Amino acid sequence: MKHSKNILEFRFERTIPAPPGEVFDGWLNPKIPGNPWNAAEKLILDPQVDGLFYWTLKGTSHYGRFTEVERPGRIQHTWMSPNTLGQESIVTLTFKKQGEETLMTLVHSGLPDHELARGHENGWNYFLNIFHEQFGDGPRRKYRWEDAHSPVKK
């Protein structure tokens, strides 16, 4: 397999109306809409250092290994799927207290510069918007495959 020489990195931030520990726990809880685990049709999740995850959605497998789990401030794991062209990428989440809220930052790095990998930008934005709505006075919207994969509007 030929690997791309160019790599992509996407960075997303959301201010969540909850303390860092609650946001951190929500991200790892498969019952909370907006994290990738919640949308899974099949899920294996072991969120500890060297723990593995595997999940499928509409027949597409995603898997990786947790490399850092430091409650309440940081989660890092590898990420592989057909959309990474079989290459291992890195997802890093940080949770920083800002007054009564949390600045949540997700960085997905090491992605090949390819159309399939660029789809992660829309995917993460979609998931993070739903996740944000689960806190405070948010509308508690649920994940819908059709919404996550609608054509990009410019």
# chains A, B, ... in the order shown; residues from 1 in each chain; ligands from 1
call {"tool": "select_by_dssp", "arguments": {"residues": "chain A", "states": "helix (DSSP H, G or I)", "output": "VMD selection string"}}
result
chain A and resid 20 to 28 82 to 84 115 to 132 145 to 148
call {"tool": "closest_atom_pairs", "arguments": {"of": "range 105-135 of chain A", "to": "range 56-77 of chain A", "cutoff": "10 Å", "atoms": "only C-alpha atoms", "output": "CSV"}}
result
residue,atom,partner,partner_atom,distance
A:Thr105,CA,A:Arg74,CA,9.6
A:Leu106,CA,A:Ile75,CA,9.4
A:Val107,CA,A:Gln76,CA,9.4
A:His108,CA,A:Gln76,CA,9.8
call {"tool": "residues_around", "arguments": {"residues": "Asn29 in chain A", "least_positions_apart": "5", "cutoff": "12 Å", "atoms": "only C-alpha atoms", "output": "ChimeraX atom specification"}}
result
/A:22-24,34-39,43,45-47,131
call {"tool": "residues_around", "arguments": {"residues": "Pro19 in chain A", "least_positions_apart": "6", "cutoff": "7 Å", "atoms": "only C-alpha atoms", "output": "list of chain:residue names"}}
result
A:Lys97, A:Glu100, A:Glu101, A:Thr102
call {"tool": "write_last_selection", "arguments": {"atoms": "N, CA and C atoms", "output": "PDB file, in the first residue's frame"}}
result
ATOM      1  N   LYS A  97     -10.895  23.684  32.167  1.00  0.00           N
ATOM      2  CA  LYS A  97     -11.885  24.469  32.912  1.00  0.00           C
ATOM      3  C   LYS A  97     -11.812  25.925  32.476  1.00  0.00           C
ATOM      4  N   GLU A 100     -17.225  28.190  34.837  1.00  0.00           N
ATOM      5  CA  GLU A 100     -18.123  27.070  35.134  1.00  0.00           C
ATOM      6  C   GLU A 100     -18.230  26.104  33.958  1.00  0.00           C
ATOM      7  N   GLU A 101     -17.525  26.390  32.877  1.00  0.00           N
ATOM      8  CA  GLU A 101     -17.634  25.593  31.656  1.00  0.00           C
ATOM      9  C   GLU A 101     -16.322  24.867  31.367  1.00  0.00           C
ATOM     10  N   THR A 102     -16.324  24.104  30.266  1.00  0.00           N
ATOM     11  CA  THR A 102     -15.139  23.369  29.838  1.00  0.00           C
ATOM     12  C   THR A 102     -14.868  23.665  28.376  1.00  0.00           C
TER      13      THR A 102
END
call {"tool": "closest_residue", "arguments": {"among": "A:Asn6, A:Gln48, A:Asn83, A:Gln134", "to": "Glu121 in chain A", "atoms": "only C-alpha atoms"}}
result
A:Asn83
call {"tool": "residues_around", "arguments": {"residues": "Phe10 in chain A", "least_positions_apart": "4", "cutoff": "12 Å", "atoms": "only C-alpha atoms", "output": "list of chain:residue names"}}
result
A:Ser89, A:Ile90, A:Val91, A:Thr92, A:Leu93, A:Thr105, A:Leu106, A:Val107, A:His108, A:Ser109, A:Gly110, A:Leu111, A:Pro112, A:Asp113, A:Ala117, A:Arg118, A:Gly119, A:His120, A:Glu121, A:Asn122, A:Gly123, A:Trp124, A:Asn125
call {"tool": "write_last_selection", "arguments": {"atoms": "C-alpha atoms", "output": "JSON list (two decimals), in the first residue's frame"}}
result
[["chain", "number", "residue", "atom", "x", "y", "z"],
["A", 89, "SER", "CA", -3.92, 8.43, 12.98],
["A", 90, "ILE", "CA", -4.13, 10.09, 16.40],
["A", 91, "VAL", "CA", -7.12, 11.64, 18.17],
["A", 92, "THR", "CA", -6.32, 13.87, 21.16],
["A", 93, "LEU", "CA", -9.00, 15.41, 23.38],
["A", 105, "THR", "CA", -10.58, 20.50, 22.09],
["A", 106, "LEU", "CA", -10.35, 17.55, 19.70],
["A", 107, "VAL", "CA", -7.35, 17.27, 17.37],
["A", 108, "HIS", "CA", -7.29, 14.50, 14.77],
["A", 109, "SER", "CA", -3.78, 14.32, 13.30],
["A", 110, "GLY", "CA", -1.77, 12.10, 11.02],
["A", 111, "LEU", "CA", -4.55, 11.65, 8.47],
["A", 112, "PRO", "CA", -3.55, 11.00, 4.86],
["A", 113, "ASP", "CA", -4.28, 13.86, 2.48],
["A", 117, "ALA", "CA", -9.75, 11.24, 5.27],
["A", 118, "ARG", "CA", -11.05, 14.78, 4.73],
["A", 119, "GLY", "CA", -14.51, 13.41, 5.57],
["A", 120, "HIS", "CA", -13.41, 13.31, 9.21],
["A", 121, "GLU", "CA", -13.83, 17.10, 9.35],
["A", 122, "ASN", "CA", -17.58, 16.87, 8.73],
["A", 123, "GLY", "CA", -17.92, 13.77, 10.91],
["A", 124, "TRP", "CA", -16.23, 15.25, 13.97],
["A", 125, "ASN", "CA", -18.13, 18.54, 13.64]]
call {"tool": "select_by_dssp", "arguments": {"residues": "chain A", "states": "strand (DSSP E or B)", "output": "PyMOL selection string"}}
result
chain A and resi 7-16+42-45+52-57+60-70+74-80+89-98+101-112
call {"tool": "residues_around", "arguments": {"residues": "His132 in chain A", "least_positions_apart": "4", "cutoff": "9 Å", "atoms": "only C-alpha atoms", "output": "tab-separated table (two decimals) with N, CA and C atoms, in the first residue's frame"}}
result
chain	number	residue	atom	x	y	z
A	14	ARG	N	-15.09	23.21	21.37
A	14	ARG	CA	-16.45	23.47	21.83
A	14	ARG	C	-16.37	23.90	23.29
A	15	THR	N	-17.15	24.90	23.65
A	15	THR	CA	-17.28	25.28	25.05
A	15	THR	C	-18.54	24.61	25.57
A	16	ILE	N	-18.34	23.72	26.56
A	16	ILE	CA	-19.43	22.89	27.06
A	16	ILE	C	-19.85	23.40	28.44
A	17	PRO	N	-21.15	23.60	28.67
A	17	PRO	CA	-21.62	24.13	29.96
A	17	PRO	C	-21.66	23.06	31.05
A	34	GLY	N	-23.43	11.83	20.73
A	34	GLY	CA	-22.43	12.79	20.29
A	34	GLY	C	-21.01	12.29	20.39
A	127	PHE	N	-20.56	15.10	15.20
A	127	PHE	CA	-20.58	14.46	16.52
A	127	PHE	C	-20.44	15.49	17.64
A	128	LEU	N	-19.51	16.42	17.52
A	128	LEU	CA	-19.26	17.39	18.59
A	128	LEU	C	-20.45	18.32	18.81
A	136	GLY	N	-26.10	21.29	29.83
A	136	GLY	CA	-26.80	22.55	30.04
A	136	GLY	C	-28.23	22.47	29.54
A	138	GLY	N	-29.16	22.29	26.40
A	138	GLY	CA	-29.16	21.79	25.02
A	138	GLY	C	-30.39	20.95	24.71
A	140	ARG	N	-30.68	18.02	23.41
A	140	ARG	CA	-30.50	16.56	23.57
A	140	ARG	C	-30.80	15.80	22.28
call {"tool": "closest_residue", "arguments": {"among": "A:Gly99, A:Gly86, A:Phe53, A:Glu9", "to": "Leu28 in chain A", "atoms": "only C-alpha atoms"}}
result
A:Phe53
